[in-house]
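Structure below is structure-v8.cif: mmCIF, C-alpha atoms and all ligand atoms.
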```
data_entry
#
loop_
_atom_site.label_atom_id
_atom_site.label_comp_id
_atom_site.auth_asym_id
_atom_site.auth_seq_id
_atom_site.Cartn_x
_atom_site.Cartn_y
_atom_site.Cartn_z
CA LEU A 84 -11.27 -14.72 -8.65
CA ARG A 85 -13.71 -12.61 -10.62
CA SER A 86 -17.15 -11.24 -9.88
CA VAL A 87 -20.09 -12.70 -11.82
CA ASP A 88 -23.32 -10.75 -12.27
CA GLY A 89 -22.13 -8.09 -9.86
CA LEU A 90 -21.20 -10.45 -7.02
CA LEU A 91 -17.98 -12.06 -5.83
CA GLU A 92 -18.18 -14.51 -2.95
CA VAL A 93 -14.87 -15.68 -1.53
CA ARG A 94 -13.70 -17.78 1.36
CA LEU A 95 -10.39 -16.74 2.83
CA GLU A 96 -8.53 -18.64 5.48
CA ALA A 97 -5.61 -17.01 7.25
CA ALA A 98 -3.26 -19.74 8.46
CA GLN A 99 0.33 -20.75 8.90
CA GLY A 100 1.80 -22.94 6.19
CA PRO A 101 4.79 -23.64 3.97
CA ALA A 102 5.93 -21.47 1.04
CA GLU A 103 8.73 -22.08 -1.45
CA ILE A 104 10.95 -19.00 -1.46
CA GLY A 105 14.22 -18.92 -3.39
CA GLY A 106 14.48 -22.71 -3.41
CA ARG A 107 13.78 -23.31 0.25
CA THR A 108 10.71 -23.91 2.34
CA VAL A 109 9.74 -21.15 4.74
CA THR A 110 6.83 -21.33 7.17
CA VAL A 111 4.76 -18.22 6.50
CA LEU A 112 1.30 -16.87 7.28
CA ALA A 113 -0.89 -16.91 4.19
CA TYR A 114 -4.40 -16.49 2.86
CA ASN A 115 -5.56 -19.75 1.24
CA GLU A 116 -2.00 -21.09 1.36
CA GLY A 117 -0.89 -18.56 -1.26
CA LEU A 118 1.77 -15.87 -1.16
CA PRO A 119 0.19 -13.46 -1.97
CA GLY A 120 -3.47 -14.40 -1.33
CA PRO A 121 -5.84 -14.68 -4.30
CA THR A 122 -6.37 -11.59 -6.47
CA LEU A 123 -9.98 -10.42 -6.29
CA ARG A 124 -11.32 -8.85 -9.48
CA LEU A 125 -14.35 -6.59 -9.32
CA ARG A 126 -16.18 -3.91 -11.25
CA PRO A 127 -17.52 -0.61 -9.95
CA GLY A 128 -20.96 -1.24 -8.42
CA ASP A 129 -20.15 -4.83 -7.43
CA ARG A 130 -20.76 -6.51 -4.12
CA LEU A 131 -17.93 -8.45 -2.47
CA ARG A 132 -18.67 -11.02 0.22
CA VAL A 133 -15.78 -12.56 2.10
CA ARG A 134 -15.97 -15.24 4.76
CA LEU A 135 -12.68 -14.92 6.62
CA ARG A 136 -11.72 -17.86 8.81
CA ASN A 137 -9.04 -17.21 11.37
CA GLY A 138 -6.68 -20.18 11.39
CA LEU A 139 -4.00 -18.17 13.22
CA ALA A 140 -3.03 -18.35 16.88
CA ASP A 141 -3.88 -14.64 17.37
CA LEU A 142 -6.74 -12.24 16.72
CA THR A 143 -7.08 -10.98 13.18
CA ASN A 144 -9.50 -9.18 10.84
CA LEU A 145 -9.60 -7.88 7.28
CA HIS A 146 -9.11 -4.45 5.76
CA VAL A 147 -9.69 -3.59 2.10
CA HIS A 148 -7.05 -0.91 1.68
CA GLY A 149 -8.13 2.04 -0.47
CA LEU A 150 -11.64 0.86 -1.30
CA HIS A 151 -14.29 3.52 -1.00
CA VAL A 152 -16.83 1.48 0.97
CA SER A 153 -18.65 1.87 4.27
CA PRO A 154 -16.44 1.67 7.39
CA GLU A 155 -19.34 0.36 9.48
CA GLY A 156 -20.98 -2.94 10.42
CA ASN A 157 -19.57 -5.91 8.54
CA SER A 158 -18.12 -3.75 5.77
CA ASP A 159 -14.58 -2.27 6.09
CA ASN A 160 -14.72 -2.05 9.86
CA PRO A 161 -11.22 -1.93 11.42
CA PHE A 162 -12.63 -2.58 14.90
CA VAL A 163 -13.85 -6.12 14.11
CA MET A 164 -11.94 -8.81 16.04
CA ILE A 165 -11.96 -12.42 14.91
CA GLU A 166 -10.87 -14.95 17.53
CA PRO A 167 -8.62 -17.87 16.58
CA GLY A 168 -10.80 -20.61 15.08
CA ALA A 169 -13.70 -18.21 14.41
CA ALA A 170 -14.98 -16.79 11.12
CA PHE A 171 -16.52 -13.48 10.11
CA ASP A 172 -18.67 -12.61 7.10
CA TYR A 173 -17.71 -9.36 5.44
CA ASP A 174 -20.01 -7.67 2.96
CA TYR A 175 -18.68 -4.75 0.90
CA ARG A 176 -20.71 -2.77 -1.63
CA LEU A 177 -18.80 -0.69 -4.14
CA PRO A 178 -20.51 2.46 -5.39
CA GLY A 179 -21.28 2.50 -9.12
CA ASP A 180 -18.75 5.31 -9.61
CA HIS A 181 -15.97 3.63 -7.65
CA PRO A 182 -12.58 4.50 -9.19
CA PRO A 183 -10.84 1.65 -11.02
CA GLY A 184 -7.37 0.61 -9.98
CA LEU A 185 -5.33 -1.71 -7.82
CA PHE A 186 -6.23 -1.98 -4.14
CA TRP A 187 -5.27 -4.61 -1.59
CA TYR A 188 -6.34 -6.46 1.51
CA HIS A 189 -4.47 -7.19 4.72
CA PRO A 190 -5.13 -7.71 8.45
CA HIS A 191 -5.73 -4.69 10.67
CA HIS A 192 -5.86 -5.76 14.29
CA HIS A 193 -3.98 -3.04 16.20
CA GLY A 194 -0.76 -4.35 17.72
CA LEU A 195 -0.47 -7.33 15.36
CA VAL A 196 -0.65 -5.71 11.92
CA ALA A 197 3.09 -5.57 11.18
CA ASP A 198 3.70 -9.16 12.35
CA GLN A 199 0.82 -10.53 10.28
CA VAL A 200 1.60 -8.60 7.10
CA PHE A 201 5.33 -9.37 7.42
CA GLY A 202 4.36 -13.01 7.92
CA GLY A 203 2.67 -13.08 4.50
CA LEU A 204 -0.95 -11.92 4.85
CA TYR A 205 -1.76 -9.69 1.86
CA GLY A 206 -3.50 -9.92 -1.48
CA ALA A 207 -4.53 -7.69 -4.38
CA ILE A 208 -7.94 -6.33 -5.34
CA LEU A 209 -8.30 -5.19 -8.93
CA ILE A 210 -11.19 -2.96 -9.95
CA ASP A 211 -11.58 -3.12 -13.72
CA ASP A 212 -10.93 -0.03 -15.72
CA PRO A 213 -13.99 0.98 -17.76
CA GLU A 214 -11.57 2.79 -20.13
CA PRO A 215 -9.13 0.02 -21.00
CA VAL A 216 -5.64 0.84 -22.27
CA PRO A 217 -4.45 -1.06 -25.37
CA VAL A 218 -1.71 -3.39 -24.07
CA ALA A 219 -0.38 -6.83 -24.91
CA ARG A 220 -0.64 -8.04 -21.31
CA GLU A 221 -1.63 -6.90 -17.84
CA ARG A 222 0.22 -7.95 -14.73
CA VAL A 223 -0.39 -7.43 -11.05
CA LEU A 224 2.83 -7.35 -9.04
CA VAL A 225 2.58 -7.58 -5.27
CA ILE A 226 5.90 -6.59 -3.72
CA SER A 227 6.57 -7.63 -0.15
CA ASP A 228 9.53 -8.37 2.04
CA LEU A 229 10.35 -10.86 4.75
CA THR A 230 13.24 -12.35 6.66
CA PRO A 231 13.19 -16.14 6.84
CA ASP A 232 14.34 -17.60 10.12
CA GLY A 233 15.28 -21.26 9.63
CA ALA A 234 13.52 -22.90 12.52
CA VAL A 235 10.73 -20.47 13.28
CA GLY A 236 9.56 -19.36 9.85
CA VAL A 237 9.48 -15.61 9.47
CA ALA A 238 11.79 -13.71 11.81
CA SER A 239 10.23 -11.50 14.46
CA ALA A 240 11.39 -7.94 14.99
CA GLY A 241 13.15 -6.53 18.03
CA GLN A 242 12.34 -3.23 19.71
CA ALA A 243 14.79 -1.10 17.73
CA GLU A 244 13.69 -2.65 14.45
CA ARG A 245 10.06 -1.94 15.21
CA MET A 246 10.84 1.67 16.04
CA ARG A 247 12.55 2.25 12.73
CA GLY A 248 10.15 -0.06 10.90
CA ARG A 249 11.24 -3.58 10.02
CA GLU A 250 12.58 -4.33 6.55
CA GLY A 251 12.91 -7.90 5.35
CA ARG A 252 16.13 -9.33 4.03
CA LEU A 253 14.33 -10.73 0.98
CA VAL A 254 12.13 -8.68 -1.31
CA LEU A 255 9.55 -10.78 -3.16
CA VAL A 256 7.48 -10.20 -6.28
CA ASN A 257 4.25 -12.21 -6.13
CA GLY A 258 5.85 -14.33 -3.43
CA GLN A 259 8.88 -15.18 -5.58
CA LEU A 260 12.48 -14.20 -5.23
CA LYS A 261 13.70 -12.42 -8.38
CA PRO A 262 11.26 -13.93 -10.90
CA ARG A 263 11.82 -13.61 -14.64
CA ILE A 264 9.40 -11.63 -16.76
CA ASP A 265 9.42 -12.13 -20.55
CA ILE A 266 8.43 -9.39 -22.97
CA ARG A 267 8.69 -9.24 -26.75
CA PRO A 268 10.39 -6.28 -28.42
CA GLY A 269 7.96 -3.45 -29.19
CA GLU A 270 5.38 -4.84 -26.80
CA ARG A 271 3.60 -2.68 -24.27
CA GLU A 272 2.34 -4.08 -20.97
CA ARG A 273 0.41 -2.64 -18.07
CA TRP A 274 1.89 -3.38 -14.67
CA ARG A 275 -0.01 -2.60 -11.52
CA ILE A 276 2.27 -2.72 -8.54
CA VAL A 277 1.46 -2.63 -4.84
CA ASN A 278 4.01 -1.99 -2.12
CA ALA A 279 2.89 -4.51 0.52
CA CYS A 280 6.10 -4.15 2.55
CA VAL A 281 5.66 -3.31 6.22
CA SER A 282 8.15 -0.42 6.18
CA ARG A 283 10.29 -0.54 3.06
CA TYR A 284 9.96 2.26 0.53
CA LEU A 285 10.26 1.18 -3.08
CA ARG A 286 11.97 3.61 -5.40
CA LEU A 287 11.27 1.60 -8.53
CA SER A 288 13.26 1.83 -11.73
CA LEU A 289 13.11 -0.25 -14.89
CA ASP A 290 16.46 -0.39 -16.61
CA GLY A 291 16.29 -1.00 -20.33
CA LEU A 292 12.54 -0.50 -20.66
CA GLY A 293 10.31 2.51 -21.24
CA MET A 294 8.18 3.41 -18.24
CA GLN A 295 5.11 5.65 -18.08
CA LEU A 296 2.95 6.32 -15.08
CA LEU A 297 -0.83 6.14 -15.61
CA GLY A 298 -1.71 6.87 -12.00
CA LEU A 299 -1.03 6.30 -8.32
CA ASP A 300 -3.34 4.57 -5.83
CA SER A 301 -6.89 5.21 -7.06
CA GLY A 302 -5.86 8.38 -8.90
CA ARG A 303 -5.45 8.48 -12.67
CA PHE A 304 -3.70 11.02 -14.84
CA GLU A 305 -5.28 12.44 -17.98
CA THR A 306 -2.29 11.35 -20.04
CA PRO A 307 0.53 8.94 -19.15
CA ARG A 308 3.66 10.58 -17.76
CA ASP A 309 7.14 9.50 -18.82
CA VAL A 310 9.06 8.67 -15.66
CA GLU A 311 12.51 7.38 -14.79
CA GLU A 312 11.48 6.07 -11.41
CA VAL A 313 8.49 5.98 -9.12
CA LEU A 314 8.51 6.11 -5.33
CA LEU A 315 6.02 3.88 -3.53
CA ALA A 316 5.73 4.29 0.23
CA PRO A 317 4.30 1.27 2.07
CA GLY A 318 0.67 0.85 0.94
CA ASN A 319 1.00 2.88 -2.30
CA ARG A 320 0.27 1.45 -5.74
CA ALA A 321 1.53 2.42 -9.19
CA ASP A 322 -0.22 1.89 -12.51
CA LEU A 323 2.54 1.64 -15.11
CA LEU A 324 2.90 1.22 -18.85
CA VAL A 325 6.04 -0.70 -19.67
CA THR A 326 7.37 -0.74 -23.22
CA ALA A 327 10.19 -2.85 -24.60
CA ALA A 328 12.17 -1.13 -27.35
CA THR A 329 12.43 -2.89 -30.69
CA SER A 330 16.01 -4.09 -30.90
CA ALA A 331 17.73 -4.88 -34.16
CA GLY A 332 18.12 -8.55 -35.06
CA GLY A 333 15.88 -9.89 -32.30
CA ALA A 334 18.76 -10.08 -29.82
CA THR A 335 17.93 -10.75 -26.18
CA THR A 336 18.23 -7.63 -24.05
CA PRO A 337 18.35 -8.15 -20.30
CA ALA A 338 16.53 -5.59 -18.22
CA ALA A 339 15.56 -5.42 -14.60
CA LEU A 340 12.97 -4.08 -12.21
CA ARG A 341 14.93 -2.58 -9.34
CA ALA A 342 14.40 -0.80 -6.06
CA LEU A 343 16.97 1.99 -5.74
CA PRO A 344 18.30 3.22 -2.38
CA TYR A 345 15.97 5.57 -0.53
CA ASP A 346 16.74 7.45 2.67
CA ARG A 347 13.62 7.58 4.83
CA GLY A 348 15.51 8.93 7.82
CA SER A 349 16.18 7.48 11.22
CA THR A 350 14.70 7.32 14.69
CA GLY A 351 17.28 9.86 15.77
CA MET A 352 18.49 7.39 18.38
CA GLY A 353 21.35 5.01 18.55
CA MET A 354 23.99 6.37 16.17
CA GLY A 355 24.45 2.71 15.26
CA GLY A 356 25.21 2.04 18.88
CA MET A 357 22.95 1.27 21.80
CA MET A 358 19.71 0.92 19.88
CA GLY A 359 21.30 -1.27 17.26
CA GLY A 360 21.31 1.46 14.64
CA GLY A 361 18.43 3.83 14.19
CA SER A 362 18.46 4.17 10.43
CA GLY A 363 15.56 3.00 8.33
CA SER A 364 17.28 3.70 5.06
CA SER A 365 17.60 1.19 2.29
CA THR A 366 21.15 1.82 1.29
CA ARG A 367 21.48 -0.84 -1.38
CA THR A 368 19.85 -1.40 -4.74
CA VAL A 369 17.66 -4.51 -4.82
CA ASP A 370 17.01 -6.44 -8.01
CA LEU A 371 13.34 -7.35 -7.83
CA ALA A 372 12.81 -9.12 -11.14
CA THR A 373 14.74 -9.89 -14.30
CA VAL A 374 13.08 -8.82 -17.51
CA THR A 375 14.00 -10.56 -20.73
CA VAL A 376 13.15 -8.92 -24.03
CA SER A 377 13.26 -11.55 -26.74
CA GLY A 378 11.38 -13.01 -29.69
CA GLU A 379 9.92 -11.53 -32.84
CA PRO A 380 9.35 -7.79 -32.63
CA VAL A 381 5.72 -6.72 -32.62
CA ALA A 382 4.23 -3.54 -34.04
CA ALA A 383 4.13 -0.62 -31.63
CA ALA A 384 0.89 -0.36 -29.68
CA SER A 385 -1.61 2.38 -30.47
CA ASP A 386 -1.84 5.58 -28.47
CA VAL A 387 -3.34 5.64 -25.00
CA PRO A 388 -6.65 7.51 -25.14
CA ARG A 389 -6.84 10.63 -23.02
CA ARG A 390 -8.76 10.14 -19.80
CA ALA A 391 -11.47 12.29 -18.32
CA ALA A 392 -10.09 14.88 -15.92
CA GLU A 393 -10.04 13.82 -12.26
CA ARG A 394 -12.17 15.48 -9.67
CA ASP A 395 -10.33 18.52 -8.35
CA LEU A 396 -10.96 19.90 -4.86
CA ARG A 397 -8.64 22.87 -5.28
CA GLY A 398 -11.57 25.07 -6.23
CA ALA A 399 -13.96 23.56 -3.67
CA GLY A 400 -15.28 25.38 -0.63
CA VAL A 401 -13.44 24.07 2.42
CA THR A 402 -15.72 23.31 5.39
CA ALA A 403 -12.93 22.77 7.94
CA ARG A 404 -9.16 22.97 8.27
CA ARG A 405 -7.12 20.98 10.75
CA GLU A 406 -3.60 19.89 11.48
CA LEU A 407 -2.43 16.38 12.25
CA ALA A 408 1.03 16.40 13.84
CA PHE A 409 2.98 13.13 13.59
CA ALA A 410 5.71 12.81 16.21
CA MET A 411 8.17 10.38 17.69
CA GLY A 412 9.24 11.25 21.20
CA MET A 413 11.20 9.95 24.15
CA GLY A 414 9.66 8.52 27.25
CA GLY A 415 6.22 7.54 25.95
CA GLY A 416 6.51 3.96 27.01
CA MET A 417 3.45 2.90 24.99
CA GLY A 418 5.16 -0.31 23.95
CA GLY A 419 7.81 1.72 22.21
CA GLY A 420 10.47 0.87 24.75
CA GLY A 421 11.11 4.48 25.58
CA MET A 422 9.85 6.02 22.37
CA SER A 423 6.30 7.16 21.74
CA PHE A 424 4.59 7.34 18.36
CA THR A 425 1.82 9.90 18.42
CA ILE A 426 -0.59 12.01 16.37
CA ASN A 427 -1.39 15.38 17.95
CA GLY A 428 0.37 14.18 21.09
CA GLU A 429 -1.75 11.07 21.62
CA PRO A 430 -1.03 7.41 21.02
CA PHE A 431 -3.88 5.31 19.59
CA ASP A 432 -6.92 4.61 21.74
CA GLY A 433 -9.77 2.83 19.97
CA ASP A 434 -12.29 4.11 22.53
CA ARG A 435 -11.55 7.75 21.80
CA VAL A 436 -12.60 9.76 18.75
CA ASP A 437 -9.77 12.07 17.71
CA THR A 438 -11.29 13.76 14.70
CA THR A 439 -14.98 14.39 14.07
CA VAL A 440 -15.75 15.51 10.55
CA GLN A 441 -18.96 16.60 8.92
CA ALA A 442 -20.21 14.00 6.45
CA GLY A 443 -20.43 15.59 3.01
CA GLY A 444 -17.89 18.31 3.88
CA VAL A 445 -14.56 19.05 2.19
CA GLU A 446 -11.65 19.44 4.60
CA GLU A 447 -8.09 20.63 4.26
CA TRP A 448 -5.57 18.86 6.44
CA LEU A 449 -2.01 19.89 7.11
CA LEU A 450 -0.04 16.74 7.89
CA SER A 451 3.13 17.67 9.72
CA ASN A 452 6.05 15.51 10.73
CA SER A 453 8.42 16.73 13.43
CA SER A 454 10.47 13.53 13.49
CA PRO A 455 13.72 12.71 11.65
CA MET A 456 11.96 9.94 9.71
CA ASP A 457 9.35 9.89 6.92
CA HIS A 458 5.82 8.81 7.83
CA PRO A 459 3.49 7.60 5.06
CA VAL A 460 0.06 8.80 6.19
CA HIS A 461 -2.96 6.71 5.26
CA LEU A 462 -6.66 7.46 5.66
CA HIS A 463 -9.27 4.73 5.28
CA VAL A 464 -12.36 5.06 3.04
CA TRP A 465 -11.80 8.58 1.65
CA PRO A 466 -8.91 9.31 -0.73
CA MET A 467 -6.81 12.45 -0.25
CA GLN A 468 -5.97 14.99 -2.92
CA LEU A 469 -2.39 16.14 -2.49
CA ILE A 470 -2.26 19.95 -2.63
CA GLU A 471 1.24 20.74 -1.40
CA ARG A 472 4.32 18.90 -0.15
CA ASN A 473 6.92 20.78 1.89
CA GLY A 474 5.22 23.98 0.78
CA ARG A 475 5.56 23.15 -2.91
CA VAL A 476 2.28 23.30 -4.78
CA VAL A 477 1.26 20.17 -6.69
CA GLN A 478 0.26 21.25 -10.20
CA ALA A 479 -2.17 18.50 -11.27
CA ALA A 480 -5.00 16.73 -9.47
CA GLU A 481 -3.26 13.86 -7.63
CA TRP A 482 -5.26 11.42 -5.53
CA GLN A 483 -3.64 9.05 -3.09
CA ASP A 484 -4.68 7.09 -0.06
CA VAL A 485 -1.15 7.01 1.35
CA VAL A 486 0.63 10.39 1.32
CA ASN A 487 4.26 10.45 2.34
CA VAL A 488 5.10 13.18 4.84
CA PRO A 489 8.87 13.66 4.69
CA ALA A 490 11.06 13.82 7.79
CA GLY A 491 10.72 17.30 9.29
CA GLY A 492 8.26 18.22 6.54
CA THR A 493 4.60 18.69 5.71
CA ALA A 494 1.95 17.67 3.23
CA ARG A 495 -1.31 19.47 2.63
CA VAL A 496 -4.29 17.45 1.42
CA ARG A 497 -7.99 17.95 0.74
CA ILE A 498 -10.56 15.29 1.45
CA ALA A 499 -14.23 15.05 0.42
CA PHE A 500 -16.12 13.12 3.08
CA ASP A 501 -18.62 11.66 0.61
CA ASP A 502 -21.06 8.78 0.83
CA PHE A 503 -20.23 6.90 4.00
CA PRO A 504 -20.69 8.24 7.51
CA GLY A 505 -19.03 6.20 10.21
CA ARG A 506 -16.00 5.60 12.37
CA THR A 507 -12.66 4.46 11.04
CA VAL A 508 -8.94 5.29 11.29
CA TYR A 509 -5.96 7.10 9.82
CA HIS A 510 -2.42 6.03 10.59
CA CYS A 511 1.20 5.78 9.57
CA HIS A 512 1.53 2.94 7.05
CA ILE A 513 4.92 1.93 8.41
CA LEU A 514 2.91 -0.78 10.10
CA ASP A 515 5.27 -1.05 13.06
CA HIS A 516 4.57 2.63 13.78
CA GLU A 517 0.84 2.00 13.52
CA ASP A 518 1.14 -0.87 16.01
CA LEU A 519 3.24 1.36 18.31
CA GLY A 520 0.41 3.92 18.45
CA MET A 521 0.65 6.22 15.44
CA MET A 522 -3.04 5.92 14.58
CA GLY A 523 -6.12 8.02 15.25
CA VAL A 524 -9.89 7.52 15.10
CA ILE A 525 -12.06 9.56 12.76
CA ASP A 526 -15.83 9.79 12.86
CA ALA A 527 -17.77 11.23 9.93
CA ARG A 528 -21.34 12.21 10.77
CU1 LIG B 1 -3.31 -0.61 4.43
CU2 LIG B 1 -5.17 0.93 7.64
O1 LIG B 1 -4.22 0.16 6.08
CU CU B 2 -6.13 1.09 4.53
CU CU B 3 5.70 6.21 10.71
#
```

Whole structure, structure tokens version:
Amino acid sequence: LRSVDGLLEVRLEAAQGPAEIGGRTVTVLAYNEGLPGPTLRLRPGDRLRVRLRNGLADLTNLHVHGLHVSPEGNSDNPFVMIEPGAAFDYDYRLPGDHPPGLFWYHPHHHGLVADQVFGGLYGAILIDDPEPVPVARERVLVISDLTPDGAVGVASAGQAERMRGREGRLVLVNGQLKPRIDIRPGERERWRIVNACVSRYLRLSLDGLGMQLLGLDSGRFETPRDVEEVLLAPGNRADLLVTAATSAGGATTPAALRALPYDRGSTGMGMGGMMGGGSGSSTRTVDLATVTVSGEPVAAASDVPRRAAERDLRGAGVTARRELAFAMGMGGGMGGGGMSFTINGEPFDGDRVDTTVQAGGVEEWLLSNSSPMDHPVHLHVWPMQLIERNGRVVQAAEWQDVVNVPAGGTARVRIAFDDFPGRTVYHCHILDHEDLGMMGVIDAR
């Protein structure tokens, strides 16, 4: 669905319904009966109006992840609650200088986010790039995971699984199990990939194909970087150039998009025993899609033009410094069944403001993680420039809206609180952790 004359009007209905996954029918939650929901295509400066109808049995709402829009009123307001059977009219206005890239939408009602996203509620938002890259084809790949449960639909998660962050048994690409992607030899494609999994990290590799990274989240690099793999925490997006080598004789070369094992740590409980195993690690390689390179070779694509340098806050005057400490502890009892998930010692309370920032200021935040498990930290509305991770300085300007804070480690970011005063949230994007309380309220004024 594409904007026309600066406006895109969409109707979304969140409801339960059937989906064909790997040759069987699974009852999922979906937007407009699609897994994923429709891709919304916009340009900087556009207006997006969404009427969301809640056809679910529970409260829901809508969040436009990563968009730099107002957090107030009927824009990207995470405090909106839509009752079952009711509808809400959202109205988002993108600034004229909004960064291009892949963004996404998903529900954000505290306590139900992981269940609803795991159930199938997610979709992509593509903001056109004013500096297009010469490619044969562009693809949007929404990667998600779920566990089908014969009678019920999508399996629910137990206490221990929620504490470590649920991972689905099946990993889907655009709602399909292991789809096939066809490329011709010599062809270059642009793949924009979102990790819409509730908790699963995706350490992506592309065997048999050339891979270059153009950017992460809303950030773009000046020149593409050759990479062997790219790590996407839940919520992150990658903008990739994929090139198929020209093979002699036009033979078919099989290749694959894979997720390699990644150790994101454990809850520190259980030892595989009483809590049913505390590890959140993905210990196996998952084949996500098969890529077939076949057909007549095409001429190599022309060079990617150099991009304008990104904004860089490393030289900016910092108006405030603060620390956000992410912790998992025993005995909290805030729905964690004995384990609390906190930021600066507090579990989420929507009636409290945890962080008041000065609108227009530039802040430096130290995100620290005292737990034995990674937490991918996400801030709404304002992107974060990564300055340091575990004390190691990041050399280039890198902008992300989800920054992974490794187990027992730190990340230092700078944030410019431009354009939109208002109240919104930051949280761990392992959505089970968010639902268990690892979220705080920020007010910019
Ligand atoms: Cu994608 Cu507050 O989340
Ligand atoms: Cu978000
Ligand atoms: Cu977390």

Go through A:Ser282, A:Thr439, A:Ser451, A:Gln468 one by one, measure the shortest atom-to-atom distance of each to ligand CU 3 (chain B) using only C-alpha atoms and all ligand atoms, and give the residue with the smallest value.
A:Ser282

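Separating CA of Leu296 in chain A from CA of Val313 in chain A is a distance of 8.1 Å.
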
For His463 in chain A, please output as a PyMOL selection string all residues within 9 Å (counting only C-alpha atoms; exclusion window: fewer than 2 positions along the same chain).
chain A and resi 147-151+154+159+461+465-466+484+507-510

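Note that CA of Phe503 in chain A and CA of Ala97 in chain A are 28.2 Å apart.
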
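For the choices A:Ser365, A:Ser227, A:Ser158, A:Thr373, the atom-to-atom distance to Pro262 in chain A is smallest for A:Thr373 when using all atoms listed in the file.
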
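Remark: for ligand CU 2 (chain B), the closest of the candidate residues A:Val133, A:Val196, A:Val376, A:Val109 is A:Val196 (distances computed over only C-alpha atoms and all ligand atoms).
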
Residue list as a list in words for point (15.5, -5.7, -19.8), cut-off 6 Å, all atoms listed in the file
Gly291, Thr336, Pro337, Ala338, Ala339, Val374, Thr375 and Val376 of chain A

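Coordinates place CA of Gly202 in chain A at a distance of 18.6 Å from CA of Ala243 in chain A.
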
So which residues fall inside 7 Å of (-1.2, -7.0, -18.8) if we count all atoms listed in the file? Mind giving them as an NGL selection string?
:A and (218-222 or 272-274)

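Close contacts of Ala170 in chain A, defined as residues with an atom at most 6 Å away when counting only C-alpha atoms, with chain neighbours fewer than 6 positions off set aside, comprise Leu135, Arg136 and Asn137 of chain A.
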
Neighbours of ligand CU 3 (chain B) at 10 Å or closer, counting all atoms listed in the file: which residues, as an NGL selection string?
:A and (246-248 or 282 or 347 or 350 or 409-411 or 424-425 or 452 or 454 or 456-460 or 487-488 or 490 or 510-522)

Writer output for current selection, C-alpha atoms, as an mmCIF file, in the frame of the given file:
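As a result, out.cif now contains:
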```
data_model
loop_
_atom_site.group_PDB
_atom_site.id
_atom_site.type_symbol
_atom_site.label_atom_id
_atom_site.label_comp_id
_atom_site.auth_asym_id
_atom_site.auth_seq_id
_atom_site.Cartn_x
_atom_site.Cartn_y
_atom_site.Cartn_z
ATOM 1 C CA MET A 246 10.840 1.670 16.040
ATOM 2 C CA ARG A 247 12.550 2.250 12.730
ATOM 3 C CA GLY A 248 10.150 -0.060 10.900
ATOM 4 C CA SER A 282 8.150 -0.420 6.180
ATOM 5 C CA ARG A 347 13.620 7.580 4.830
ATOM 6 C CA THR A 350 14.700 7.320 14.690
ATOM 7 C CA PHE A 409 2.980 13.130 13.590
ATOM 8 C CA ALA A 410 5.710 12.810 16.210
ATOM 9 C CA MET A 411 8.170 10.380 17.690
ATOM 10 C CA PHE A 424 4.590 7.340 18.360
ATOM 11 C CA THR A 425 1.820 9.900 18.420
ATOM 12 C CA ASN A 452 6.050 15.510 10.730
ATOM 13 C CA SER A 454 10.470 13.530 13.490
ATOM 14 C CA MET A 456 11.960 9.940 9.710
ATOM 15 C CA ASP A 457 9.350 9.890 6.920
ATOM 16 C CA HIS A 458 5.820 8.810 7.830
ATOM 17 C CA PRO A 459 3.490 7.600 5.060
ATOM 18 C CA VAL A 460 0.060 8.800 6.190
ATOM 19 C CA ASN A 487 4.260 10.450 2.340
ATOM 20 C CA VAL A 488 5.100 13.180 4.840
ATOM 21 C CA ALA A 490 11.060 13.820 7.790
ATOM 22 C CA HIS A 510 -2.420 6.030 10.590
ATOM 23 C CA CYS A 511 1.200 5.780 9.570
ATOM 24 C CA HIS A 512 1.530 2.940 7.050
ATOM 25 C CA ILE A 513 4.920 1.930 8.410
ATOM 26 C CA LEU A 514 2.910 -0.780 10.100
ATOM 27 C CA ASP A 515 5.270 -1.050 13.060
ATOM 28 C CA HIS A 516 4.570 2.630 13.780
ATOM 29 C CA GLU A 517 0.840 2.000 13.520
ATOM 30 C CA ASP A 518 1.140 -0.870 16.010
ATOM 31 C CA LEU A 519 3.240 1.360 18.310
ATOM 32 C CA GLY A 520 0.410 3.920 18.450
ATOM 33 C CA MET A 521 0.650 6.220 15.440
ATOM 34 C CA MET A 522 -3.040 5.920 14.580
#
```

So which residues touch Arg275 in chain A within 9 Å, counting all atoms listed in the file, skipping near sequence neighbours fewer than 4 positions away, as a compact mmCIF listing (two decimals) with C-alpha atoms, in the frame of the given file?
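around-v2.txt was written with the following content:
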```txt
# COMPACT_ATOMS: atom_id res chain seq x y z
CA GLY A 184 -7.37 0.61 -9.98
CA LEU A 185 -5.33 -1.71 -7.82
CA GLU A 221 -1.63 -6.90 -17.84
CA ARG A 222 0.22 -7.95 -14.73
CA VAL A 223 -0.39 -7.43 -11.05
CA LEU A 224 2.83 -7.35 -9.04
CA VAL A 225 2.58 -7.58 -5.27
CA ARG A 320 0.27 1.45 -5.74
CA ALA A 321 1.53 2.42 -9.19
CA ASP A 322 -0.22 1.89 -12.51
CA LEU A 323 2.54 1.64 -15.11
CA LEU A 324 2.90 1.22 -18.85
```

So which one's closest to ligand CU 2 (chain B), A:Arg405, A:Arg341, A:Arg85, A:His189? Using only C-alpha atoms and all ligand atoms, please.
A:His189

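Distances here use only C-alpha atoms and all ligand atoms; by that measure, the residue among A:Arg528, A:Arg132, A:Arg435, A:His192 closest to ligand LIG 1 (chain B) is A:His192.
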